[in-house]
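Structure data follow from input_29.txt (compact mmCIF, C-alpha atoms):
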```
# COMPACT_ATOMS: atom_id res chain seq x y z
CA MET A 1 0.00 0.00 0.00
CA ARG A 2 1.44 3.35 -1.06
CA PRO A 3 1.48 6.08 1.58
CA LYS A 4 -1.15 8.83 1.20
CA VAL A 5 -0.05 12.45 1.49
CA PHE A 6 -2.65 15.21 1.89
CA LEU A 7 -1.64 18.75 0.92
CA TYR A 8 -3.68 21.87 1.62
CA GLU A 9 -4.09 23.91 -1.57
CA GLU A 10 -4.24 27.26 0.20
CA GLN A 11 -0.86 26.70 1.87
CA LEU A 12 0.65 25.16 -1.26
CA LEU A 13 -0.26 28.19 -3.36
CA GLU A 14 1.45 30.43 -0.81
CA VAL A 15 4.64 28.38 -1.17
CA LEU A 16 4.52 28.65 -4.97
CA ALA A 17 3.87 32.40 -4.82
CA SER A 18 6.84 32.96 -2.49
CA ASN A 19 9.33 31.80 -5.18
CA VAL A 20 11.42 29.92 -2.59
CA GLU A 21 13.29 26.82 -3.69
CA GLN A 22 12.51 24.84 -0.55
CA THR A 23 10.55 25.25 2.66
CA THR A 24 10.12 23.06 5.71
CA GLY A 25 6.77 21.92 7.04
CA VAL A 26 5.31 19.36 9.40
CA ALA A 27 3.64 16.12 8.37
CA TYR A 28 1.22 14.65 10.91
CA GLU A 29 1.25 10.89 10.58
CA TRP A 30 -1.26 8.21 11.53
CA ARG A 31 1.26 5.57 12.55
CA GLY A 32 0.84 2.19 10.96
CA GLU A 33 -1.63 3.60 8.41
CA TYR A 34 0.79 5.54 6.18
CA VAL A 35 -1.44 8.62 6.05
CA TYR A 36 0.23 12.05 6.27
CA HIS A 37 -1.25 15.54 6.43
CA VAL A 38 1.34 18.18 5.50
CA TYR A 39 1.25 21.76 6.82
CA THR A 40 3.59 24.60 5.96
CA LYS A 41 2.13 26.79 8.72
CA ALA A 42 0.24 26.17 11.93
CA PRO A 43 -3.36 25.16 11.16
CA GLU A 44 -6.30 26.76 12.92
CA VAL A 45 -7.27 23.42 14.47
CA ALA A 46 -4.68 21.32 16.30
CA PRO A 47 -3.77 18.42 13.96
CA SER A 48 -4.11 14.74 14.85
CA GLY A 49 -1.30 12.22 14.55
CA TYR A 50 2.43 12.21 15.24
CA PRO A 51 4.70 14.93 13.77
CA ALA A 52 7.38 14.21 11.18
CA VAL A 53 9.55 16.56 9.12
CA ALA A 54 8.36 17.44 5.60
CA TYR A 55 10.28 19.34 2.93
CA ILE A 56 8.48 21.09 0.07
CA ARG A 57 10.84 21.66 -2.85
CA VAL A 58 9.96 23.65 -5.98
CA PHE A 59 11.97 22.56 -9.05
CA LYS A 60 12.75 24.88 -11.94
CA ASP A 61 14.23 22.07 -14.03
CA LEU A 62 12.10 19.12 -15.22
CA GLU A 63 15.05 16.71 -15.27
CA ALA A 64 15.89 17.50 -11.64
CA PHE A 65 12.22 16.97 -10.77
CA GLU A 66 12.27 13.56 -12.46
CA ASP A 67 15.46 12.58 -10.58
CA SER A 68 14.17 13.82 -7.20
CA ARG A 69 13.93 10.34 -5.66
CA GLU A 70 17.60 9.59 -6.27
CA THR A 71 18.79 12.99 -5.05
CA PHE A 72 16.60 12.66 -1.96
CA TYR A 73 18.11 9.27 -1.19
CA GLU A 74 21.63 10.66 -1.61
CA TYR A 75 20.78 13.58 0.70
CA LEU A 76 19.52 11.18 3.37
CA PHE A 77 22.61 9.01 3.01
CA ASP A 78 24.77 12.06 3.78
CA HIS A 79 22.42 13.29 6.56
CA PRO A 80 21.21 10.22 8.49
CA LYS A 81 18.08 10.82 10.61
CA ASN A 82 18.20 7.71 12.83
CA GLY A 83 15.18 6.10 11.18
CA THR A 84 12.88 9.12 11.53
CA HIS A 85 10.20 9.38 8.86
CA LEU A 86 10.88 12.20 6.41
CA LEU A 87 8.75 13.42 3.53
CA LEU A 88 9.85 15.25 0.43
CA ILE A 89 7.13 16.97 -1.60
CA CYS A 90 8.36 17.77 -5.13
CA LEU A 91 6.66 20.39 -7.32
CA TYR A 92 7.31 21.46 -10.90
CA GLN A 93 5.21 24.00 -12.76
CA GLY A 94 4.78 22.54 -16.26
CA ALA A 95 3.41 24.31 -19.30
CA GLU A 96 -0.14 23.06 -18.71
CA LYS A 97 -0.30 21.90 -15.10
CA LEU A 98 1.54 21.58 -11.82
CA GLU A 99 3.50 18.33 -11.69
CA HIS A 100 3.85 16.81 -8.25
CA LYS A 101 5.24 13.77 -6.48
CA ALA A 102 6.14 12.79 -2.93
CA HIS A 103 8.81 10.52 -1.42
CA LEU A 104 8.81 9.01 2.05
CA PHE A 105 12.00 7.94 3.80
CA ASP A 106 11.04 4.95 5.94
CA ILE A 107 13.41 2.43 7.58
CA GLY A 108 16.30 3.04 5.25
CA SER A 109 14.38 3.16 1.97
CA VAL A 110 12.59 5.78 -0.10
CA ILE A 111 8.95 5.03 -1.00
CA GLY A 112 6.79 6.79 -3.55
CA CYS A 113 3.55 8.31 -2.24
CA ASP A 114 0.15 9.25 -3.62
CA ILE A 115 -0.71 12.93 -3.25
CA HIS A 116 -4.22 14.17 -2.50
CA PHE A 117 -5.30 17.81 -2.27
CA VAL A 118 -7.62 19.41 0.26
CA PRO A 119 -9.31 22.09 -1.87
CA GLN A 120 -8.98 25.79 -1.27
CA LYS A 121 -12.75 26.23 -1.25
CA CYS A 122 -14.81 23.69 0.64
CA ASP A 123 -16.76 21.28 -1.62
CA LEU A 124 -17.70 18.84 1.13
CA TYR A 125 -21.40 19.44 0.53
CA SER A 126 -21.53 19.10 -3.26
CA ARG A 127 -23.62 15.93 -2.98
CA SER A 128 -26.28 17.93 -1.14
CA LYS A 129 -26.84 20.40 -3.96
CA GLY A 130 -30.48 20.35 -4.95
CA LEU A 131 -31.48 19.31 -1.45
CA LEU A 132 -29.85 22.18 0.42
CA GLU A 133 -29.35 25.70 -0.83
CA ILE A 134 -25.60 25.54 -0.30
CA GLY A 135 -24.90 29.14 -1.28
CA THR A 136 -27.71 30.40 0.91
CA LEU A 137 -26.67 28.40 3.97
CA GLU A 138 -23.07 29.45 3.51
CA GLU A 139 -24.16 33.03 4.10
CA LYS A 140 -26.28 32.24 7.17
CA SER A 141 -25.16 32.82 10.76
CA VAL A 142 -26.36 30.84 13.78
CA LEU A 143 -25.97 31.83 17.42
CA ILE A 144 -25.81 28.81 19.75
CA VAL A 145 -26.03 29.55 23.46
CA GLY A 146 -25.02 26.51 25.53
CA LEU A 147 -22.42 24.10 24.14
CA GLY A 148 -23.17 21.04 26.24
CA SER A 149 -24.69 17.77 25.08
CA PHE A 150 -27.36 19.59 23.09
CA GLY A 151 -25.39 22.51 21.70
CA SER A 152 -22.35 20.48 20.65
CA ASN A 153 -24.43 17.97 18.69
CA ILE A 154 -26.51 20.68 17.04
CA ALA A 155 -23.43 22.72 16.06
CA ILE A 156 -21.76 19.78 14.32
CA GLU A 157 -24.90 18.83 12.38
CA LEU A 158 -25.36 22.42 11.21
CA ALA A 159 -21.71 22.51 10.15
CA LYS A 160 -22.29 19.35 8.09
CA ALA A 161 -25.27 21.06 6.46
CA GLY A 162 -23.05 23.91 5.26
CA ILE A 163 -23.87 26.78 7.63
CA GLY A 164 -21.20 29.41 7.04
CA LYS A 165 -20.99 31.29 10.33
CA PHE A 166 -21.32 30.23 13.96
CA ILE A 167 -21.42 32.31 17.15
CA LEU A 168 -20.82 30.07 20.17
CA VAL A 169 -21.52 31.14 23.76
CA ASP A 170 -20.80 29.12 26.90
CA MET A 171 -18.86 29.89 30.06
CA ASP A 172 -18.15 26.28 31.10
CA PHE A 173 -15.15 24.01 30.67
CA LEU A 174 -15.37 20.45 29.39
CA GLU A 175 -15.35 18.09 32.39
CA LEU A 176 -15.14 14.34 32.74
CA GLN A 177 -18.86 13.91 33.37
CA ASN A 178 -19.61 15.70 30.07
CA ILE A 179 -17.74 13.28 27.84
CA ALA A 180 -20.38 10.53 27.55
CA ARG A 181 -22.89 12.87 25.87
CA HIS A 182 -20.67 15.55 24.35
CA GLN A 183 -19.26 15.58 20.83
CA SER A 184 -15.78 16.29 22.21
CA GLY A 185 -13.55 13.62 23.75
CA ILE A 186 -11.02 13.26 26.54
CA ASN A 187 -8.35 15.13 24.57
CA ASP A 188 -10.43 18.28 25.13
CA LEU A 189 -10.83 17.94 28.90
CA GLY A 190 -10.24 21.26 30.65
CA ARG A 191 -10.85 23.35 27.54
CA PHE A 192 -13.69 25.81 27.12
CA LYS A 193 -16.60 24.04 25.47
CA THR A 194 -16.79 26.84 22.93
CA LYS A 195 -13.19 26.29 21.80
CA ALA A 196 -13.57 22.50 21.63
CA VAL A 197 -16.76 22.74 19.56
CA ARG A 198 -15.21 25.41 17.33
CA ASP A 199 -12.48 22.93 16.39
CA LEU A 200 -15.07 20.23 15.64
CA ILE A 201 -16.95 22.61 13.35
CA LEU A 202 -13.75 23.48 11.48
CA GLN A 203 -12.95 19.79 11.06
CA LYS A 204 -16.25 19.46 9.17
CA ASN A 205 -16.03 22.77 7.33
CA PRO A 206 -12.57 24.38 7.50
CA TYR A 207 -13.91 27.49 5.77
CA ALA A 208 -16.65 28.26 8.29
CA LYS A 209 -16.31 31.41 10.38
CA VAL A 210 -16.57 30.64 14.09
CA GLU A 211 -16.78 33.30 16.81
CA THR A 212 -16.63 32.26 20.47
CA HIS A 213 -17.59 33.98 23.73
CA GLU A 214 -16.69 32.40 27.07
CA VAL A 215 -19.17 34.35 29.16
CA SER A 216 -22.42 34.00 31.06
CA ILE A 217 -25.15 35.68 29.05
CA ASN A 218 -27.03 36.32 32.30
CA ASP A 219 -24.26 38.74 33.27
CA ASN A 220 -23.79 40.16 29.76
CA ILE A 221 -27.19 41.20 28.45
CA PRO A 222 -25.74 43.96 26.20
CA LEU A 223 -23.50 41.34 24.54
CA LEU A 224 -26.46 38.97 24.19
CA ARG A 225 -28.44 41.74 22.49
CA GLU A 226 -25.54 42.44 20.12
CA LEU A 227 -25.12 38.76 19.20
CA LEU A 228 -28.83 38.19 18.68
CA THR A 229 -28.90 41.22 16.39
CA THR A 230 -26.20 39.82 14.09
CA ALA A 231 -27.45 36.21 13.94
CA ASP A 232 -30.01 34.91 11.46
CA LEU A 233 -31.19 32.31 13.98
CA THR A 234 -30.57 31.59 17.66
CA ILE A 235 -30.45 28.15 19.25
CA CYS A 236 -31.02 28.15 23.01
CA ALA A 237 -29.46 24.96 24.36
CA THR A 238 -28.90 26.14 27.93
CA ASP A 239 -30.02 24.24 31.03
CA THR A 240 -31.48 27.03 33.18
CA ASN A 241 -34.74 28.94 32.94
CA ARG A 242 -32.99 32.19 33.84
CA SER A 243 -30.86 32.07 30.70
CA ARG A 244 -33.83 31.03 28.59
CA HIS A 245 -35.91 33.89 29.93
CA ASN A 246 -33.13 36.38 29.15
CA ILE A 247 -32.79 35.07 25.59
CA ASN A 248 -36.58 35.08 25.24
CA GLN A 249 -36.87 38.70 26.40
CA VAL A 250 -34.10 40.04 24.18
CA ALA A 251 -35.38 38.09 21.16
CA ILE A 252 -38.85 39.59 21.61
CA GLU A 253 -37.37 43.10 21.74
CA LEU A 254 -35.38 42.46 18.56
CA ASN A 255 -38.10 40.44 16.79
CA LYS A 256 -35.77 37.45 16.39
CA THR A 257 -36.52 33.74 16.02
CA VAL A 258 -35.19 31.35 18.69
CA ILE A 259 -35.39 27.57 18.93
CA PHE A 260 -35.43 26.30 22.54
CA GLY A 261 -34.77 22.64 23.34
CA ARG A 262 -34.41 20.56 26.49
CA ALA A 263 -34.57 17.04 27.91
CA VAL A 264 -36.74 15.98 30.83
CA THR A 265 -36.02 13.59 33.70
CA ARG A 266 -33.11 11.30 32.70
CA ALA A 267 -33.87 12.17 29.09
CA GLU A 268 -37.12 10.26 29.47
CA GLY A 269 -38.31 12.64 26.80
CA GLY A 270 -37.87 16.18 25.64
CA ASP A 271 -39.44 19.12 23.87
CA VAL A 272 -38.71 21.93 21.44
CA PHE A 273 -40.30 25.38 21.33
CA ILE A 274 -39.98 27.98 18.59
CA LEU A 275 -40.24 31.67 19.43
CA ARG A 276 -41.00 33.61 16.28
CA GLY A 277 -40.07 37.15 17.13
CA ASN A 278 -42.44 39.39 18.98
CA THR A 279 -45.59 37.35 18.37
CA LYS A 280 -47.38 35.26 20.97
CA PRO A 281 -46.67 32.80 22.45
CA CYS A 282 -43.20 33.34 23.88
CA TYR A 283 -41.14 31.02 26.05
CA ALA A 284 -42.45 32.70 29.20
CA CYS A 285 -46.00 31.70 28.19
CA LEU A 286 -44.97 28.09 28.87
CA ILE A 287 -43.84 28.72 32.45
CA ASN A 288 -46.08 28.37 35.49
CA ASP A 289 -45.88 30.75 38.44
CA ASP A 290 -43.73 28.23 40.34
CA GLY A 291 -41.19 28.06 37.50
CA THR A 292 -42.29 24.65 36.17
CA MET A 293 -43.38 23.99 32.61
CA LYS A 294 -47.07 24.11 31.75
CA TYR A 295 -46.35 21.60 29.02
CA GLY A 296 -44.04 18.62 29.33
CA SER A 297 -42.34 17.27 32.44
CA GLU A 298 -39.67 18.03 34.99
CA GLU A 299 -36.38 19.26 33.61
CA GLU A 300 -33.43 16.92 33.39
CA ILE A 301 -30.77 17.72 36.00
CA SER A 302 -27.45 17.00 34.34
CA SER A 303 -24.80 19.05 36.17
CA VAL A 304 -23.52 19.98 39.61
CA ARG A 305 -24.09 23.63 38.74
CA GLN A 306 -27.80 23.04 38.15
CA VAL A 307 -28.15 21.22 41.48
CA SER A 308 -26.25 23.99 43.29
CA GLU A 309 -28.72 26.54 41.96
CA LEU A 310 -31.70 24.44 43.07
CA LEU A 311 -30.54 23.27 46.51
CA PRO A 312 -29.32 25.17 49.60
CA ALA A 313 -25.57 25.59 50.07
CA TYR A 314 -25.52 23.37 53.18
CA VAL A 315 -26.55 20.25 51.21
CA SER A 316 -23.60 17.86 51.05
CA PRO A 317 -21.83 17.08 47.75
CA GLN A 318 -22.96 13.45 48.05
CA GLU A 319 -26.60 14.50 48.33
CA LYS A 320 -26.20 16.87 45.38
CA ASP A 321 -24.71 14.08 43.27
CA SER A 322 -27.80 11.95 43.92
CA PHE A 323 -29.96 14.61 42.23
CA ILE A 324 -28.01 14.46 38.97
CA GLN A 325 -29.88 12.20 36.59
CA VAL A 326 -28.74 12.23 32.99
CA GLY A 327 -30.04 10.17 30.12
CA LEU A 328 -28.10 8.38 27.45
CA SER A 329 -26.70 10.28 24.49
CA SER A 330 -28.95 8.19 22.22
CA ASP A 331 -31.94 9.61 24.15
CA ILE A 332 -31.06 13.25 23.55
CA LEU A 333 -30.06 12.85 19.89
CA PRO A 334 -33.67 12.70 18.58
CA ILE A 335 -34.34 16.05 20.28
CA CYS A 336 -31.13 17.55 18.89
CA ASN A 337 -31.97 16.27 15.42
CA MET A 338 -35.43 17.85 15.53
CA MET A 339 -33.85 21.16 16.54
CA VAL A 340 -31.42 20.88 13.62
CA LYS A 341 -34.26 20.09 11.21
CA LEU A 342 -36.31 23.07 12.42
CA ALA A 343 -33.24 25.31 12.25
CA LEU A 344 -32.55 24.37 8.63
CA ILE A 345 -36.18 24.94 7.73
CA GLU A 346 -36.07 28.41 9.30
CA LEU A 347 -32.81 29.26 7.53
CA SER A 348 -34.14 28.01 4.18
CA GLN A 349 -37.24 30.22 4.20
CA ASN A 350 -37.85 32.08 0.93
CA THR A 351 -35.53 29.77 -1.00
CA PRO A 352 -36.40 26.95 -3.46
CA SER A 353 -34.88 24.37 -1.11
CA ILE A 354 -36.85 21.20 -0.36
CA LEU A 355 -36.37 21.97 3.34
CA ALA A 356 -38.30 25.21 3.00
CA SER A 357 -41.30 23.28 1.70
CA GLN A 358 -41.41 21.32 4.96
CA SER A 359 -42.38 24.48 6.80
CA GLN A 360 -45.92 23.86 5.55
CA GLU A 361 -46.00 20.63 7.57
CA LEU A 362 -43.80 21.46 10.55
CA ASN A 363 -45.72 24.63 11.37
CA TYR A 364 -46.33 24.08 15.10
CA ASN A 365 -44.61 26.13 17.76
CA TYR A 366 -44.17 23.28 20.25
CA TYR A 367 -43.02 19.67 19.73
CA PHE A 368 -42.58 16.89 22.27
CA TRP A 369 -41.01 13.46 22.25
CA ALA A 370 -40.99 10.49 24.64
CA ASN A 371 -38.14 7.97 24.78
CA ARG A 372 -39.59 5.53 27.32
CA ARG A 373 -42.94 4.58 28.86
CA THR A 374 -41.82 5.45 32.39
CA GLN A 375 -42.93 7.97 35.02
CA HIS A 376 -44.49 10.84 33.06
CA TYR A 377 -45.32 8.72 30.01
CA LEU A 378 -46.75 5.64 31.69
CA ASN A 379 -50.17 6.37 30.23
CA TYR A 380 -48.80 6.25 26.68
CA SER A 381 -49.80 3.22 24.59
CA PRO A 382 -47.17 0.54 23.88
CA PHE A 383 -45.21 1.25 20.71
CA ASN A 384 -46.29 -2.06 19.12
CA ALA A 385 -49.98 -1.57 19.99
CA ALA A 386 -50.59 2.18 19.83
CA LYS A 387 -53.52 2.05 17.35
CA GLY A 388 -53.36 5.77 16.72
CA MET A 389 -52.89 6.73 20.37
CA PRO A 390 -49.82 8.63 21.72
CA THR A 391 -46.78 6.37 22.04
CA ILE A 392 -43.02 6.55 22.49
CA LEU A 393 -40.42 7.32 19.81
CA LYS A 394 -42.73 9.59 17.88
CA TRP A 395 -42.89 13.36 17.53
CA TYR A 396 -46.07 15.25 18.32
CA GLY A 397 -46.68 18.86 17.37
CA VAL A 398 -48.94 21.29 19.21
CA THR A 399 -49.92 24.89 18.58
CA VAL A 400 -49.48 26.40 22.02
CA PRO A 401 -51.73 29.42 22.67
CA GLY A 402 -50.31 32.62 24.04
CA ASN A 403 -50.80 33.57 27.67
CA GLU A 404 -52.81 36.77 27.78
CA ASP A 405 -51.33 37.56 31.20
CA CYS A 406 -47.71 37.14 30.03
CA THR A 407 -45.69 40.25 30.76
CA CYS A 408 -42.96 39.39 28.23
CA CYS A 409 -44.93 39.25 24.98
CA ILE A 410 -47.80 41.60 24.22
```

As structure tokens - that is how I would like this structure written.
Amino acid sequence: MRPKVFLYEEQLLEVLASNVEQTTGVAYEWRGEYVYHVYTKAPEVAPSGYPAVAYIRVFKDLEAFEDSRETFYEYLFDHPKNGTHLLLICLYQGAEKLEHKAHLFDIGSVIGCDIHFVPQKCDLYSRSKGLLEIGTLEEKSVLIVGLGSFGSNIAIELAKAGIGKFILVDMDFLELQNIARHQSGINDLGRFKTKAVRDLILQKNPYAKVETHEVSINDNIPLLRELLTTADLTICATDTNRSRHNINQVAIELNKTVIFGRAVTRAEGGDVFILRGNTKPCYACLINDDGTMKYGSEEEISSVRQVSELLPAYVSPQEKDSFIQVGLSSDILPICNMMVKLALIELSQNTPSILASQSQELNYNYYFWANRRTQHYLNYSPFNAAKGMPTILKWYGVTVPGNEDCTCCI
């Protein structure tokens, strides 16, 4: 199997434009797989793999280009590297096209490699053309507040769909208890969730623009107002009613659309609400006087911070831990996917996209989902014997009326 070498066109063009004869880069290697990604400058996202030295040499003479393997071997013979992998990328600008080849020094021998190019302009979504309005989505910006298990999954799916700009807001760091349901892994422990998710987005679409803010929106309402103003759509994936209320209030003032989503007890189920600007109902219309939801069930408690806000300070850490009840990642994914679907429909409005046509069917303002027939959903019919009655693993849409006594929306 010939080694595979991936070159980034944008960086390669800079080398050619500089008129240098040779430059040194870094090749990140997947050991045992003979796959190398070559960089001539530090990438925006930390690369994966083990580093090895790479030389990029631009030949002016075709004969020297053709003899590059032999000259490379002679160079290595005179400059032994103690078995370290070395790559030589050879370029020659022919009359009609750029000629290229690569040689790998491995265990005393020089091996020819196959070169692949990562394009200058992202074409990862070309297969979606006709289904998604790629150009339209590329110009759209999405504000995601809360980059936990919900926000991280939603951000990655929107990146796959071709959204061009992301604004990420979350004040928390990635902790061990987050890993099971978060898109990021253990290599990102201790990092801001915003930074970790930014890198995941850029791995899917390296040409996306990603802006991050490591702040609490509850303490930065002017910033929240500024971000909501610039975004085409806001996703509220936070886990507190205070933050949701603040987003709700600012969105009403600015006449902005927001998609709210949450899970309920141990991700037994979940729901999604769409606020469409300054029209009734708003998110506050769903809240009872005691802070509980008029529709749906008790909120899932998934973090120590949530418990600390709900319980007195004198409650022991052990007792607080007992209140944390999270569901499986597979239980929250259906809710995340519905939020992504609704987001794409909103962003595709007034375009010929197939997604925009779905707005005629998904025209409710509130959707709910049940994962299991336990606790709050015990009265649901069994999935295999529902006979038209409510059951698990199925979405239901409702048009929630506005609350005439609501002080947020008028």

All residues 10 Å or closer to Lys41 of chain A, all atoms listed in the file, same chain fewer than 3 positions away omitted, as a ChimeraX atom specification: /A:11,24-26,38,44

Could you give me, as a ChimeraX atom specification, the residues within 8 Å of segment 379-395 of chain A, counting only C-alpha atoms and dropping anything in the same chain fewer than 5 positions from it? /A:367-373

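For the pair atom CA of Gly148 of chain A and atom CA of Thr194 of chain A, the interatomic distance is 9.2 Å.
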
Do a neighbour search on Ala284 of chain A at 10 Å with all atoms listed in the file, toss out local chain neighbours closer than 6 positions, and write the hits as a PyMOL selection string. chain A and resi 241+244-245+248-249+291+293+402-403+406-409

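Considering the residues A:His85, A:Tyr50, A:Lys280, A:Val250 and counting all atoms listed in the file, Ser109 of chain A has its shortest atom-to-atom contact with A:His85.
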
Residues of segment 315-406 of chain A at most 12 Å from segment 264-272 of chain A: nearest atom pair and distance in Å, only C-alpha atoms, as CSV:
```
residue,atom,partner,partner_atom,distance
A:Phe323,CA,A:Thr265,CA,10.5
A:Ile324,CA,A:Arg266,CA,8.7
A:Gln325,CA,A:Arg266,CA,5.1
A:Val326,CA,A:Arg266,CA,4.5
A:Gly327,CA,A:Arg266,CA,4.2
A:Leu328,CA,A:Ala267,CA,7.1
A:Ser329,CA,A:Ala267,CA,8.7
A:Ser330,CA,A:Ala267,CA,9.3
A:Asp331,CA,A:Ala267,CA,5.9
A:Ile332,CA,A:Ala267,CA,6.3
A:Leu333,CA,A:Ala267,CA,10.0
A:Pro334,CA,A:Gly270,CA,8.9
A:Ile335,CA,A:Gly270,CA,6.4
A:Cys336,CA,A:Val272,CA,9.1
A:Asn337,CA,A:Val272,CA,10.7
A:Met338,CA,A:Val272,CA,7.9
A:Met339,CA,A:Val272,CA,6.9
A:Val340,CA,A:Val272,CA,10.7
A:Lys341,CA,A:Val272,CA,11.3
A:Leu342,CA,A:Val272,CA,9.4
A:Ala343,CA,A:Val272,CA,11.2
A:Tyr364,CA,A:Val272,CA,10.1
A:Asn365,CA,A:Val272,CA,8.1
A:Tyr366,CA,A:Val272,CA,5.7
A:Tyr367,CA,A:Val272,CA,5.2
A:Phe368,CA,A:Asp271,CA,4.2
A:Trp369,CA,A:Gly269,CA,5.4
A:Ala370,CA,A:Gly269,CA,4.1
A:Asn371,CA,A:Gly269,CA,5.1
A:Arg372,CA,A:Glu268,CA,5.8
A:Arg373,CA,A:Glu268,CA,8.2
A:Thr374,CA,A:Glu268,CA,7.3
A:Gln375,CA,A:Glu268,CA,8.4
A:His376,CA,A:Glu268,CA,8.2
A:Tyr377,CA,A:Glu268,CA,8.4
A:Leu378,CA,A:Glu268,CA,10.9
A:Thr391,CA,A:Gly269,CA,11.6
A:Ile392,CA,A:Gly269,CA,8.8
A:Leu393,CA,A:Gly269,CA,9.0
A:Lys394,CA,A:Gly269,CA,10.4
A:Trp395,CA,A:Asp271,CA,9.2
A:Tyr396,CA,A:Asp271,CA,9.5
A:Gly397,CA,A:Val272,CA,9.5
A:Val398,CA,A:Val272,CA,10.5
A:Thr399,CA,A:Val272,CA,11.9
A:Val400,CA,A:Val272,CA,11.7
```

Residue with smallest distance to Lys60 of chain A - pool A:Gly151, A:Gly94, A:Gly185, A:Gly32, counting all atoms listed in the file: A:Gly94
